[in-house]
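Student: Contents are mmCIF, C-alpha atoms; file name input14.cif:
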data_protein
loop_
_atom_site.label_atom_id
_atom_site.label_comp_id
_atom_site.auth_asym_id
_atom_site.auth_seq_id
_atom_site.Cartn_x
_atom_site.Cartn_y
_atom_site.Cartn_z
CA MET A 142 22.07 -6.26 3.25
CA GLY A 143 22.08 -9.94 3.80
CA TYR A 144 21.57 -12.35 0.96
CA GLU A 145 21.28 -15.86 2.25
CA LEU A 146 20.80 -18.46 -0.43
CA LYS A 147 18.51 -21.29 0.52
CA LYS A 148 19.52 -24.90 0.14
CA TRP A 149 17.68 -26.95 -2.46
CA ASN A 150 15.61 -28.75 0.16
CA GLU A 151 14.60 -25.50 1.87
CA ILE A 152 13.02 -23.95 -1.22
CA PRO A 153 9.21 -24.22 -1.02
CA ILE A 154 7.43 -26.19 -3.75
CA GLY A 155 6.60 -24.01 -6.74
CA ALA A 156 9.23 -21.46 -5.64
CA ILE A 157 6.63 -19.68 -3.51
CA VAL A 158 7.81 -16.60 -1.67
CA ASP A 159 6.03 -16.81 1.67
CA GLU A 160 6.89 -13.36 3.00
CA ALA A 161 5.01 -10.35 1.59
CA GLY A 162 6.98 -7.28 0.61
CA SER A 163 10.31 -8.96 1.29
CA SER A 164 11.99 -6.89 -1.43
CA MET A 165 12.50 -4.23 1.25
CA ILE A 166 15.81 -5.93 1.92
CA ASN A 167 17.15 -4.20 -1.21
CA ASP A 168 18.46 -0.74 -0.38
CA THR A 169 17.62 0.91 -3.68
CA GLY A 170 18.62 4.23 -2.13
CA SER A 171 22.15 3.47 -3.28
CA TRP A 172 21.04 4.22 -6.87
CA ARG A 173 20.44 7.85 -5.99
CA ILE A 174 22.34 10.71 -7.63
CA LEU A 175 20.00 13.54 -6.60
CA ARG A 176 18.48 13.77 -3.13
CA PRO A 177 15.06 15.32 -2.54
CA ILE A 178 15.17 17.75 0.38
CA THR A 179 11.71 18.57 1.74
CA HIS A 180 11.15 22.02 3.17
CA PHE A 181 8.47 21.33 5.71
CA ASP A 182 7.75 25.03 6.18
CA LYS A 183 6.35 25.08 2.62
CA CYS A 184 4.78 21.60 2.71
CA THR A 185 1.01 21.53 3.10
CA HIS A 186 0.74 17.74 3.42
CA CYS A 187 -1.43 17.50 0.31
CA LEU A 188 0.06 14.01 -0.35
CA ILE A 189 0.50 14.54 -4.10
CA CYS A 190 4.15 13.46 -3.85
CA TRP A 191 3.11 10.38 -1.92
CA ILE A 192 0.73 9.02 -4.56
CA PHE A 193 3.24 9.60 -7.39
CA CYS A 194 6.31 8.21 -5.63
CA PRO A 195 7.31 5.07 -7.58
CA ASP A 196 9.40 3.65 -4.73
CA ASP A 197 7.10 4.00 -1.73
CA SER A 198 9.72 6.23 -0.10
CA ILE A 199 7.33 8.87 1.16
CA PRO A 200 5.66 7.39 4.22
CA SER A 201 2.35 9.11 4.84
CA SER A 202 -0.68 8.97 7.05
CA PRO A 203 -4.02 10.44 5.93
CA GLU A 204 -3.06 13.72 7.63
CA GLU A 205 0.65 13.97 7.31
CA ARG A 206 3.56 13.45 4.99
CA TYR A 207 6.64 12.27 6.88
CA GLU A 208 10.31 12.63 6.02
CA THR A 209 11.43 10.81 2.84
CA ASP A 210 12.74 7.28 3.37
CA PHE A 211 16.27 7.53 2.00
CA ASP A 212 16.85 3.79 2.18
CA TYR A 213 14.65 3.34 -0.88
CA CYS A 214 14.39 6.72 -2.63
CA LYS A 215 16.01 6.38 -6.06
CA GLY A 216 16.10 10.14 -6.55
CA CYS A 217 13.91 10.32 -9.66
CA GLY A 218 12.65 13.83 -8.83
CA ILE A 219 8.98 13.19 -9.66
CA CYS A 220 8.03 14.58 -6.22
CA ALA A 221 9.96 17.81 -6.85
CA VAL A 222 8.34 18.29 -10.28
CA GLU A 223 4.81 17.47 -9.15
CA CYS A 224 4.85 19.40 -5.84
CA PRO A 225 2.44 22.34 -6.32
CA TYR A 226 4.10 24.33 -3.52
CA ASP A 227 7.76 23.91 -4.57
CA ALA A 228 8.52 22.41 -1.19
CA ILE A 229 10.90 19.78 -2.53
CA GLU A 230 14.33 20.61 -3.84
CA MET A 231 16.74 18.22 -5.55
CA VAL A 232 20.36 18.51 -4.47
CA PRO A 233 23.29 16.35 -5.57
CA GLU A 234 23.72 13.38 -3.27
CA MET A 235 27.49 13.94 -3.30
CA GLU A 236 27.16 17.31 -1.55
CA VAL A 237 25.03 15.83 1.22
CA LYS A 238 27.41 12.90 1.68
CA LEU A 239 30.46 15.19 1.75
CA LYS A 240 28.83 17.42 4.33
CA GLU A 241 28.02 14.38 6.43
CA LEU A 242 31.65 13.29 6.26
CA GLU A 243 32.96 16.75 7.18
CA GLY A 244 30.53 17.27 10.03
CA MET L 92 4.31 24.61 9.76
CA ALA L 93 2.30 25.58 6.72
CA LYS L 94 -1.44 25.23 6.66
CA LYS L 95 -2.66 21.75 5.97
CA VAL L 96 -4.28 21.51 2.56
CA ASN L 97 -5.36 17.93 2.38
CA ILE L 98 -6.72 16.69 -0.87
CA GLN L 99 -9.64 14.60 0.22
CA VAL L 100 -9.20 11.84 -2.35
CA LEU L 101 -5.56 11.38 -1.44
CA SER L 102 -6.30 11.47 2.25
CA GLU L 103 -8.91 8.78 1.67
CA LEU L 104 -6.44 6.71 -0.33
CA ALA L 105 -3.80 7.10 2.38
CA ALA L 106 -6.27 5.68 4.88
CA HIS L 107 -6.51 2.60 2.64
CA GLN L 108 -2.86 1.82 3.44
CA GLU L 109 -3.94 0.31 6.73
CA PRO L 110 -3.93 -3.38 5.65
CA TYR L 111 -0.37 -2.88 4.38
CA ASP L 112 0.95 -1.50 7.71
CA GLY L 113 0.76 2.07 6.49
CA ARG L 114 2.83 1.43 3.36
CA MET L 115 1.96 1.07 -0.30
CA PRO L 116 0.62 -2.22 -1.77
CA LEU L 117 3.76 -2.39 -3.89
CA ALA L 118 6.60 -2.40 -1.36
CA ALA L 119 9.81 -0.45 -1.72
CA GLY L 120 12.97 -2.16 -2.86
CA HIS L 121 11.69 -3.33 -6.24
CA ARG L 122 14.07 -2.97 -9.18
CA MET L 123 12.07 -0.71 -11.45
CA CYS L 124 13.91 2.08 -13.25
CA ILE L 125 14.36 5.46 -11.61
CA GLY L 126 11.17 7.41 -12.33
CA CYS L 127 9.11 4.46 -13.58
CA GLY L 128 5.41 5.10 -14.15
CA ILE L 129 4.15 1.60 -13.29
CA PRO L 130 4.15 1.78 -9.45
CA PRO L 131 1.82 4.82 -9.33
CA ILE L 132 -0.67 2.93 -11.51
CA VAL L 133 -0.47 -0.27 -9.43
CA ASN L 134 -0.70 1.61 -6.12
CA GLU L 135 -3.57 3.81 -7.24
CA VAL L 136 -5.55 0.81 -8.48
CA LEU L 137 -4.93 -1.42 -5.44
CA LEU L 138 -5.54 1.38 -2.92
CA ALA L 139 -8.77 2.31 -4.67
CA ILE L 140 -10.05 -1.28 -4.48
CA ASN L 141 -9.39 -1.41 -0.70
CA LYS L 142 -10.36 -5.06 -0.31
CA PRO L 143 -8.41 -8.30 -0.14
CA THR L 144 -7.05 -8.65 -3.66
CA VAL L 145 -5.40 -11.40 -5.67
CA VAL L 146 -3.12 -10.18 -8.44
CA SER L 147 -1.62 -11.88 -11.44
CA THR L 148 0.77 -10.23 -13.83
CA ALA L 149 1.89 -11.09 -17.30
CA THR L 150 5.61 -11.22 -17.96
CA GLY L 151 6.87 -7.71 -18.43
CA CYS L 152 8.60 -4.91 -16.60
CA LEU L 153 6.28 -5.17 -13.63
CA GLU L 154 6.85 -8.88 -13.19
CA VAL L 155 10.63 -9.06 -13.61
CA THR L 156 11.29 -6.12 -11.31
CA THR L 157 8.98 -7.08 -8.47
CA GLY L 158 9.54 -10.81 -8.40
CA VAL L 159 13.31 -11.23 -8.24
CA TYR L 160 13.49 -14.59 -6.48
CA PRO L 161 13.65 -15.15 -3.47
CA TYR L 162 12.05 -11.77 -2.78
CA THR L 163 8.78 -10.17 -3.75
CA ALA L 164 7.69 -6.55 -3.68
CA TRP L 165 4.02 -7.43 -3.47
CA ASN L 166 2.06 -6.94 -0.29
CA VAL L 167 -0.88 -8.78 -1.86
CA PRO L 168 -1.10 -12.41 -3.04
CA TRP L 169 0.55 -12.40 -6.40
CA ILE L 170 0.72 -15.04 -9.14
CA HIS L 171 3.38 -14.83 -11.77
CA VAL L 172 2.51 -16.54 -15.01
CA ASN L 173 3.90 -16.68 -18.49
CA PHE L 174 3.46 -13.90 -20.98
CA GLN L 175 0.16 -14.86 -22.57
CA SER L 176 -1.80 -16.10 -19.55
CA ALA L 177 -2.33 -13.28 -17.04
CA ALA L 178 -6.06 -13.00 -17.76
CA ALA L 179 -6.62 -16.76 -18.08
CA VAL L 180 -4.91 -17.45 -14.73
CA ILE L 181 -6.83 -14.77 -12.84
CA GLY L 182 -10.00 -16.20 -14.40
CA GLY L 183 -9.00 -19.63 -13.07
CA ALA L 184 -8.27 -18.24 -9.61
CA GLU L 185 -11.65 -16.56 -9.59
CA ALA L 186 -13.38 -19.80 -10.64
CA ALA L 187 -11.58 -21.72 -7.86
CA TYR L 188 -12.59 -19.06 -5.34
CA ASN L 189 -16.21 -19.36 -6.43
CA VAL L 190 -16.12 -23.12 -5.89
CA LEU L 191 -14.60 -22.72 -2.40
CA LYS L 192 -17.23 -20.17 -1.55
CA LYS L 193 -20.02 -22.39 -2.82
CA LYS L 194 -18.77 -25.30 -0.69
CA GLY L 195 -18.63 -23.02 2.33
CA LEU L 196 -14.87 -23.39 2.79
CA TYR L 197 -14.15 -19.71 2.43
CA ASP L 198 -16.32 -16.68 3.13
CA LYS L 199 -14.22 -13.54 2.62
CA ASP L 200 -14.86 -11.10 -0.20
CA VAL L 201 -11.92 -11.16 -2.56
CA GLU L 202 -11.28 -9.12 -5.70
CA PHE L 203 -9.22 -10.29 -8.65
CA VAL L 204 -6.93 -8.05 -10.64
CA ALA L 205 -4.58 -8.78 -13.52
CA PHE L 206 -1.87 -6.40 -14.64
CA GLY L 207 -0.32 -6.60 -18.06
CA GLY L 208 1.86 -4.43 -20.18
CA ASP L 209 0.91 -3.48 -23.69
CA GLY L 210 2.88 -6.45 -25.03
CA GLY L 211 1.00 -8.78 -22.70
CA SER L 212 -2.38 -7.22 -23.51
CA TYR L 213 -2.32 -5.90 -27.06
CA ASP L 214 -0.30 -8.69 -28.67
CA ILE L 215 0.73 -11.82 -26.84
CA GLY L 216 -1.93 -11.99 -24.14
CA PHE L 217 -4.77 -10.81 -26.32
CA GLN L 218 -6.39 -14.14 -27.02
CA SER L 219 -6.46 -15.15 -23.36
CA LEU L 220 -7.74 -11.71 -22.34
CA SER L 221 -10.48 -11.85 -24.96
CA ALA L 222 -11.44 -15.40 -24.01
CA THR L 223 -11.51 -14.66 -20.27
CA VAL L 224 -13.76 -11.69 -20.91
CA GLU L 225 -15.98 -13.84 -23.08
CA ARG L 226 -16.31 -16.42 -20.28
CA GLY L 227 -17.48 -13.61 -18.03
CA HIS L 228 -15.15 -14.01 -15.02
CA ASN L 229 -15.41 -11.36 -12.33
CA PHE L 230 -12.05 -9.58 -12.55
CA LEU L 231 -10.37 -6.31 -13.39
CA TYR L 232 -7.68 -6.17 -16.05
CA VAL L 233 -5.33 -3.20 -15.97
CA CYS L 234 -3.07 -2.61 -18.93
CA TYR L 235 -0.14 -0.28 -18.28
CA ASN L 236 0.57 0.95 -21.74
CA ASN L 237 4.16 1.97 -22.40
CA GLU L 238 3.92 1.50 -26.14
CA GLY L 239 6.49 -1.19 -26.73
CA TYR L 240 8.34 -4.18 -25.27
CA GLN L 241 10.36 -2.11 -22.80
CA ASN L 242 11.44 -5.07 -20.69
CA THR L 243 13.51 -6.57 -23.51
CA GLY L 244 14.92 -3.29 -24.77
CA TYR L 245 12.12 -1.56 -26.65
CA GLN L 246 10.90 -3.59 -29.57
CA LYS L 247 7.78 -2.57 -31.49
CA SER L 248 4.37 -3.59 -30.18
CA SER L 249 1.00 -2.88 -31.70
CA ALA L 250 0.58 0.02 -29.25
CA THR L 251 3.59 1.86 -30.68
CA PRO L 252 2.52 5.04 -32.45
CA VAL L 253 3.28 5.73 -36.09
CA GLY L 254 6.77 7.04 -36.82
CA ALA L 255 8.23 6.11 -33.42
CA TYR L 256 11.71 4.64 -33.25
CA THR L 257 12.04 1.16 -31.77
CA LYS L 258 14.80 -1.43 -32.00
CA THR L 259 12.81 -3.28 -34.66
CA THR L 260 11.58 -0.20 -36.53
CA PRO L 261 14.71 1.92 -36.98
CA VAL L 262 14.77 5.36 -38.52
CA GLY L 263 16.71 5.78 -41.75
CA LYS L 264 16.48 6.69 -45.40
CA ALA L 265 14.16 3.86 -46.42
CA LYS L 266 11.76 3.96 -43.48
CA VAL L 267 10.92 6.35 -40.68
CA GLY L 268 10.12 4.36 -37.57
CA LYS L 269 6.95 2.34 -37.21
CA GLU L 270 4.57 2.19 -40.14
CA GLY L 271 0.86 2.36 -39.57
CA PRO L 272 -1.10 3.66 -36.59
CA ARG L 273 -1.42 2.02 -33.16
CA LYS L 274 -4.13 -0.48 -32.35
CA ASP L 275 -6.95 0.79 -30.14
CA LEU L 276 -7.36 -1.94 -27.54
CA THR L 277 -9.84 0.02 -25.42
CA MET L 278 -12.24 0.15 -28.37
CA ILE L 279 -11.74 -3.56 -29.02
CA MET L 280 -12.47 -4.38 -25.40
CA ALA L 281 -15.56 -2.18 -25.49
CA ALA L 282 -16.73 -4.18 -28.49
CA HIS L 283 -16.79 -7.27 -26.23
CA GLY L 284 -19.79 -5.66 -24.58
CA MET L 285 -18.22 -6.07 -21.15
CA PRO L 286 -19.68 -4.20 -18.16
CA TYR L 287 -16.95 -1.61 -17.80
CA VAL L 288 -14.13 -0.37 -20.00
CA ALA L 289 -12.08 2.76 -19.39
CA GLN L 290 -9.01 4.59 -20.45
CA ALA L 291 -7.07 6.54 -17.82
CA SER L 292 -3.85 8.32 -17.01
CA PRO L 293 -1.97 7.90 -13.69
CA HIS L 294 -1.44 11.66 -13.46
CA ILE L 295 -5.16 12.21 -13.04
CA TYR L 296 -5.32 10.10 -9.88
CA ARG L 297 -8.81 11.33 -9.02
CA ASP L 298 -10.17 10.05 -12.32
CA LEU L 299 -8.35 6.70 -12.04
CA TYR L 300 -9.56 6.31 -8.44
CA ASN L 301 -13.16 6.99 -9.45
CA LYS L 302 -12.88 4.58 -12.35
CA VAL L 303 -11.55 1.72 -10.27
CA LYS L 304 -14.15 2.38 -7.60
CA LYS L 305 -16.89 2.41 -10.21
CA ALA L 306 -15.51 -0.67 -11.96
CA MET L 307 -15.62 -2.65 -8.73
CA THR L 308 -19.38 -2.12 -8.46
CA PHE L 309 -19.90 -4.17 -11.61
CA LYS L 310 -19.88 -7.94 -11.58
CA GLY L 311 -18.07 -9.41 -14.53
CA PRO L 312 -14.98 -8.51 -16.51
CA LYS L 313 -13.65 -4.96 -16.33
CA PHE L 314 -10.84 -3.38 -18.29
CA ILE L 315 -8.77 -0.24 -17.70
CA ASN L 316 -6.08 0.96 -20.06
CA ALA L 317 -3.62 3.40 -18.47
CA ILE L 318 -0.81 5.21 -20.23
CA GLN L 319 2.62 4.78 -18.66
CA PRO L 320 5.41 6.93 -20.08
CA CYS L 321 8.63 4.91 -20.05
CA THR L 322 11.61 7.00 -19.07
CA LEU L 323 14.17 4.50 -20.36
CA SER L 324 12.84 3.84 -23.84
CA TRP L 325 11.00 7.04 -24.59
CA ARG L 326 14.25 8.62 -23.43
CA PHE L 327 13.11 11.55 -21.35
CA ALA L 328 14.41 12.62 -17.94
CA PRO L 329 13.03 10.44 -15.10
CA GLU L 330 11.30 13.33 -13.31
CA ASP L 331 9.08 14.01 -16.36
CA THR L 332 7.17 10.70 -16.26
CA LEU L 333 3.92 12.06 -14.89
CA ARG L 334 4.30 15.34 -16.71
CA LEU L 335 4.19 13.35 -19.95
CA ALA L 336 1.20 11.34 -18.75
CA LYS L 337 -0.53 14.68 -18.25
CA LEU L 338 0.59 16.04 -21.62
CA ALA L 339 -0.78 12.94 -23.38
CA VAL L 340 -4.23 13.83 -22.08
CA GLU L 341 -3.88 17.55 -22.75
CA THR L 342 -2.93 16.99 -26.38
CA ARG L 343 -5.84 14.54 -26.85
CA TYR L 344 -3.30 11.87 -27.74
CA TRP L 345 -4.68 9.75 -24.89
CA PRO L 346 -8.37 10.54 -24.45
CA VAL L 347 -9.69 9.70 -21.00
CA TYR L 348 -13.08 8.04 -21.31
CA GLU L 349 -15.23 5.20 -20.07
CA VAL L 350 -17.72 2.78 -21.59
CA ILE L 351 -20.50 0.93 -19.82
CA ASP L 352 -21.91 -2.29 -21.31
CA GLY L 353 -20.12 -1.45 -24.54
CA LYS L 354 -22.81 0.99 -25.57
CA TYR L 355 -22.82 4.03 -23.27
CA TRP L 356 -19.76 6.25 -23.76
CA LYS L 357 -18.54 9.18 -21.74
CA VAL L 358 -15.46 11.33 -22.31
CA ASN L 359 -14.31 12.34 -18.82
CA ILE L 360 -11.86 15.09 -19.61
CA LYS L 361 -12.29 17.44 -22.54
CA PRO L 362 -9.33 19.82 -22.84
CA LYS L 363 -10.85 23.07 -24.07
CA ARG L 364 -7.68 24.32 -25.67
CA PRO L 365 -5.75 21.16 -26.57
CA LYS L 366 -2.00 21.61 -26.67
CA PRO L 367 -0.37 20.92 -30.05
CA ILE L 368 0.77 17.33 -30.45
CA GLU L 369 4.23 18.71 -31.30
CA ASP L 370 4.71 19.50 -27.59
CA TYR L 371 4.17 15.88 -26.69
CA ILE L 372 6.33 14.58 -29.52
CA ALA L 373 9.19 17.00 -28.85
CA ALA L 374 9.37 15.81 -25.23
CA GLN L 375 10.21 12.27 -26.38
CA PRO L 376 13.53 11.72 -28.16
CA ARG L 377 12.27 8.34 -29.44
CA TRP L 378 9.67 10.14 -31.53
CA LYS L 379 11.20 13.59 -32.03
CA HIS L 380 12.49 12.91 -35.55
CA VAL L 381 8.95 12.94 -36.98
CA LEU L 382 8.91 16.72 -36.49
CA LYS L 383 11.09 16.81 -39.62
CA TYR L 384 8.52 14.85 -41.64
CA PRO L 385 5.36 16.96 -42.10
CA GLU L 386 3.45 14.12 -43.79
CA ILE L 387 3.87 11.81 -40.75
CA LEU L 388 2.99 14.65 -38.40
CA GLU L 389 -0.15 15.27 -40.42
CA GLN L 390 -1.01 11.57 -40.22
CA ILE L 391 -0.58 11.59 -36.43
CA GLN L 392 -2.72 14.71 -36.02
CA LYS L 393 -5.40 13.24 -38.30
CA GLU L 394 -5.47 9.99 -36.30
CA ILE L 395 -5.88 11.94 -33.05
CA ASP L 396 -8.59 14.24 -34.42
CA ASP L 397 -10.49 11.37 -36.02
CA LYS L 398 -10.47 9.38 -32.80
CA TRP L 399 -11.48 12.40 -30.73
CA ASN L 400 -14.40 13.28 -33.02
CA HIS L 401 -15.44 9.64 -33.09
CA LEU L 402 -15.51 9.58 -29.28
CA LEU L 403 -17.55 12.78 -29.05
CA ALA L 404 -20.01 11.40 -31.59
CA LEU L 405 -20.26 8.14 -29.64
CA GLU L 406 -20.92 10.12 -26.46
CA GLU L 407 -23.75 12.03 -28.10
CA ALA L 408 -25.16 8.88 -29.64
CA SER L 409 -25.17 7.11 -26.28
CA LYS L 410 -27.09 10.01 -24.73
CA ILE L 411 -29.72 9.59 -27.43
CA LEU L 412 -29.69 5.81 -26.92
CA ALA L 413 -30.12 6.20 -23.15
CA GLU L 414 -33.05 8.51 -23.68
CA ARG L 415 -34.66 6.08 -26.10
CA GLU L 416 -34.18 3.17 -23.70
CA GLY L 417 -35.41 5.20 -20.76
CA VAL L 418 -32.07 4.96 -18.92
CA ASP L 419 -30.74 7.88 -16.86
CA TYR L 420 -27.42 8.68 -18.58
CA ASP L 421 -25.97 10.74 -15.73
CA ALA L 422 -26.93 8.23 -13.05
CA LEU L 423 -25.24 5.53 -15.12
CA PHE L 424 -21.88 7.25 -14.79
CA ALA L 425 -22.40 8.57 -11.26
CA LEU L 426 -20.07 7.41 -8.53
CA PRO L 427 -21.22 4.67 -6.16
CA LYS L 428 -22.27 6.37 -2.94
CA GLU L 429 -23.56 3.55 -0.76
CA GLU L 430 -20.19 2.84 0.78
CA GLU L 431 -19.72 6.36 2.08
CA SER L 432 -23.12 6.47 3.75
CA THR L 433 -22.55 3.16 5.55
CA LYS L 434 -19.23 4.33 7.00
#
I need this file expressed as structure tokens, please.

Tutor:
Amino acid sequence: MGYELKKWNEIPIGAIVDEAGSSMINDTGSWRILRPITHFDKCTHCLICWIFCPDDSIPSSPEERYETDFDYCKGCGICAVECPYDAIEMVPEMEVKLKELEG
Amino acid sequence: MAKKVNIQVLSELAAHQEPYDGRMPLAAGHRMCIGCGIPPIVNEVLLAINKPTVVSTATGCLEVTTGVYPYTAWNVPWIHVNFQSAAAVIGGAEAAYNVLKKKGLYDKDVEFVAFGGDGGSYDIGFQSLSATVERGHNFLYVCYNNEGYQNTGYQKSSATPVGAYTKTTPVGKAKVGKEGPRKDLTMIMAAHGMPYVAQASPHIYRDLYNKVKKAMTFKGPKFINAIQPCTLSWRFAPEDTLRLAKLAVETRYWPVYEVIDGKYWKVNIKPKRPKPIEDYIAAQPRWKHVLKYPEILEQIQKEIDDKWNHLLALEEASKILAEREGVDYDALFALPKEEESTK
């Protein structure tokens, strides 16, 4: 993450932010305690998790739900609760991180 | 891979992500709480509009979390204004756009949407909202109703239900939470006689999608009031946000209905066997204490029943009115179909 403060004479008049969606620089994934693991063998790509995701971390096309974007997922678990096919499971982030370190 | 069971509405909405490079209108990386209910409302509304949109928001959770300078989470042009002026500013933007269009300097079709919390719509922004509606600007106002000033730590607003704990209405021996019932803003807005007023819940995305789509066919002010359970202040687990939004409809606490021209009413979802309001109350620690006070519980149930019966009566009356005026009641509430046929 790079935060570069602008100088006073570089700030646009009226403090306009000229780049859309620039908040994507914030890795809100670091807030996560539980990690949603998607079992794609159960997933039917109904997109219910996508519409309810508060953090836009479930990239989707009209046909397909892709892997969760762990840079931004805050681990709220709404997707796991709302999934009608029980395809999403919440596991502690610690376990995943430890496994990553071991392997 | 499992069989694909696409839900057509959602598939359609996902196709509307195209102008945002296949992402949501509200970009990731905003600082809303874990499990917040606001982004689903904003995304559902903006995806349903599917046109170039200008947005203004009143000060509130949505504004402070998406507009942390020098970054913005909005993928649409967004104006941040002070607490009371969201509606007035979007009205001004719309007026300026009309002038530009008249002079031939701009020719795109643009929609105007204002988002406000219940503090910014029920209390502080009410006069500007009412005045903008009265002036007849062409815009949609969406109130995300979380029943209190959540941004500043949960103070009472006029949307807070009776008996609920807030920082300014504590629970103790002398008083039990908020006194008096909540204000019904949707009814007040309907009384303005504006073209379209509705109440919705983000959990029922199909209904909210239809409502926004229908609202956009009207020229003039439109208003949608959506419930938004607040995980931080209502104090439930973050994963239950949309479950509570669903429960609010199932217990008839938050009836889902729409009003056209302030005189034709329709209740969209009628739960046949409504769940007891105790289920909804017990799920929220901010409100749970009222289960120990039967007289408050009775008052809450009476308020809900009265409102529900009132709505049903209004629906029946508007059917009679439509018949008398020679208007087709069902066609009035039917979905716009022209767009689909032209595709």

Student: What's around Ser171 (chain A) at 10 Å? Count all atoms listed in the file, leave out sequence neighbours fewer than 4 positions away in its own chain, and write the answer as a ChimeraX atom specification.

Tutor: /A:167,211-216

Student: Please report the interatomic distance between CA of Asp197 (chain A) and CA of Lys305 (chain L) in Å with one decimal.

Tutor: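 Computed distance, CA of Asp197 (chain A) to CA of Lys305 (chain L), equals 25.5 Å.
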
Student: Given a cut-off of 9 Å, which residues of chain L touch chain A, counting all atoms listed in the file, written out as an MDAnalysis selection string?

Tutor: chainID L and resid 92:99 101:108 113:132 134:135 157:168 293:294 296 328:334

Student: Applied to this file, what does the PyMOL selection byres ((chain A and resi 230) around 9) return in terms of residues, put as JSON, numbers by chain?

Tutor: {"A": [176, 177, 178, 179, 180, 218, 221, 227, 228, 229, 231, 232]}

Student: How many Å separate CA of Thr223 (chain L) from CA of Pro286 (chain L)?

Tutor: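 Between CA of Thr223 (chain L) and CA of Pro286 (chain L) the gap is 13.4 Å.
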
Student: Got a sec: who's within 12 Å of Lys366 (chain L), counting all atoms listed in the file, leaving out chain neighbours fewer than 4 positions off, as number ranges by chain?

Tutor: L: 337-344, 361-362, 370-372, 392

Student: How many Å lie between CA of Ile170 (chain L) and CA of Ala306 (chain L), rounded to one decimal?

Tutor: 21.9 Å

Student: Using all atoms listed in the file, determine which residues lie at most 7 Å from Lys247 (chain L), disregarding the query and same-chain residues fewer than 2 positions distant; provide the list as an mmCIF file with C-alpha atoms, in the coordinates of the input.

Tutor:
data_model
loop_
_atom_site.group_PDB
_atom_site.id
_atom_site.type_symbol
_atom_site.label_atom_id
_atom_site.label_comp_id
_atom_site.auth_asym_id
_atom_site.auth_seq_id
_atom_site.Cartn_x
_atom_site.Cartn_y
_atom_site.Cartn_z
ATOM 1 C CA GLY L 239 6.490 -1.190 -26.730
ATOM 2 C CA TYR L 240 8.340 -4.180 -25.270
ATOM 3 C CA TYR L 245 12.120 -1.560 -26.650
ATOM 4 C CA SER L 249 1.000 -2.880 -31.700
ATOM 5 C CA THR L 251 3.590 1.860 -30.680
ATOM 6 C CA THR L 257 12.040 1.160 -31.770
ATOM 7 C CA THR L 259 12.810 -3.280 -34.660
ATOM 8 C CA THR L 260 11.580 -0.200 -36.530
#

Student: Using only C-alpha atoms, which protein or nucleic acid residues come within 7 Å of Met285 (chain L)? Drop anything in the same chain fewer than 3 positions from it, and give the result as a list in words.

Tutor: Ala281, Pro312, Lys313, Asp352 and Gly353 of chain L

Student: Can you give me, as a compact mmCIF listing (two decimals) with C-alpha atoms, in the coordinates of the input, the residues this file yields under the PyMOL selection byres ((chain L and resi 406) around 8)?

Tutor:
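Written output follows (out19.txt):
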# COMPACT_ATOMS: atom_id res chain seq x y z
CA TYR L 355 -22.82 4.03 -23.27
CA TRP L 356 -19.76 6.25 -23.76
CA LYS L 357 -18.54 9.18 -21.74
CA VAL L 358 -15.46 11.33 -22.31
CA LEU L 402 -15.51 9.58 -29.28
CA LEU L 403 -17.55 12.78 -29.05
CA ALA L 404 -20.01 11.40 -31.59
CA LEU L 405 -20.26 8.14 -29.64
CA GLU L 407 -23.75 12.03 -28.10
CA ALA L 408 -25.16 8.88 -29.64
CA SER L 409 -25.17 7.11 -26.28
CA LYS L 410 -27.09 10.01 -24.73

Student: Please return the centre and edge lengths, in Å to one decimal, of a box with edges along x, y and z that contains all listed atoms of region 96-104 of chain L, widened by 6 Å on every side, as lines of an AutoDock Vina configuration file.

Tutor:
center_x = -7.0
center_y = 14.1
center_z = 0.1
size_x = 17.4
size_y = 26.8
size_z = 16.9

Student: I'd like to see the residues matched by the PyMOL selection byres ((chain L and resi 419-429) around 10) on this file, and ideally I'd get them as a list in words.

Tutor: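 That expression, the PyMOL selection byres ((chain L and resi 419-429) around 10), corresponds here to Asn301, Lys302, Lys304, Lys305, Ala306, Met307, Thr308, Glu349, Val350, Ile351, Tyr355, Trp356, Lys357, Asn359, Ser409, Lys410, Ile411, Leu412, Ala413, Glu414, Glu416, Gly417, Val418, Glu430, Glu431, Ser432, Thr433 and Lys434 of chain L.
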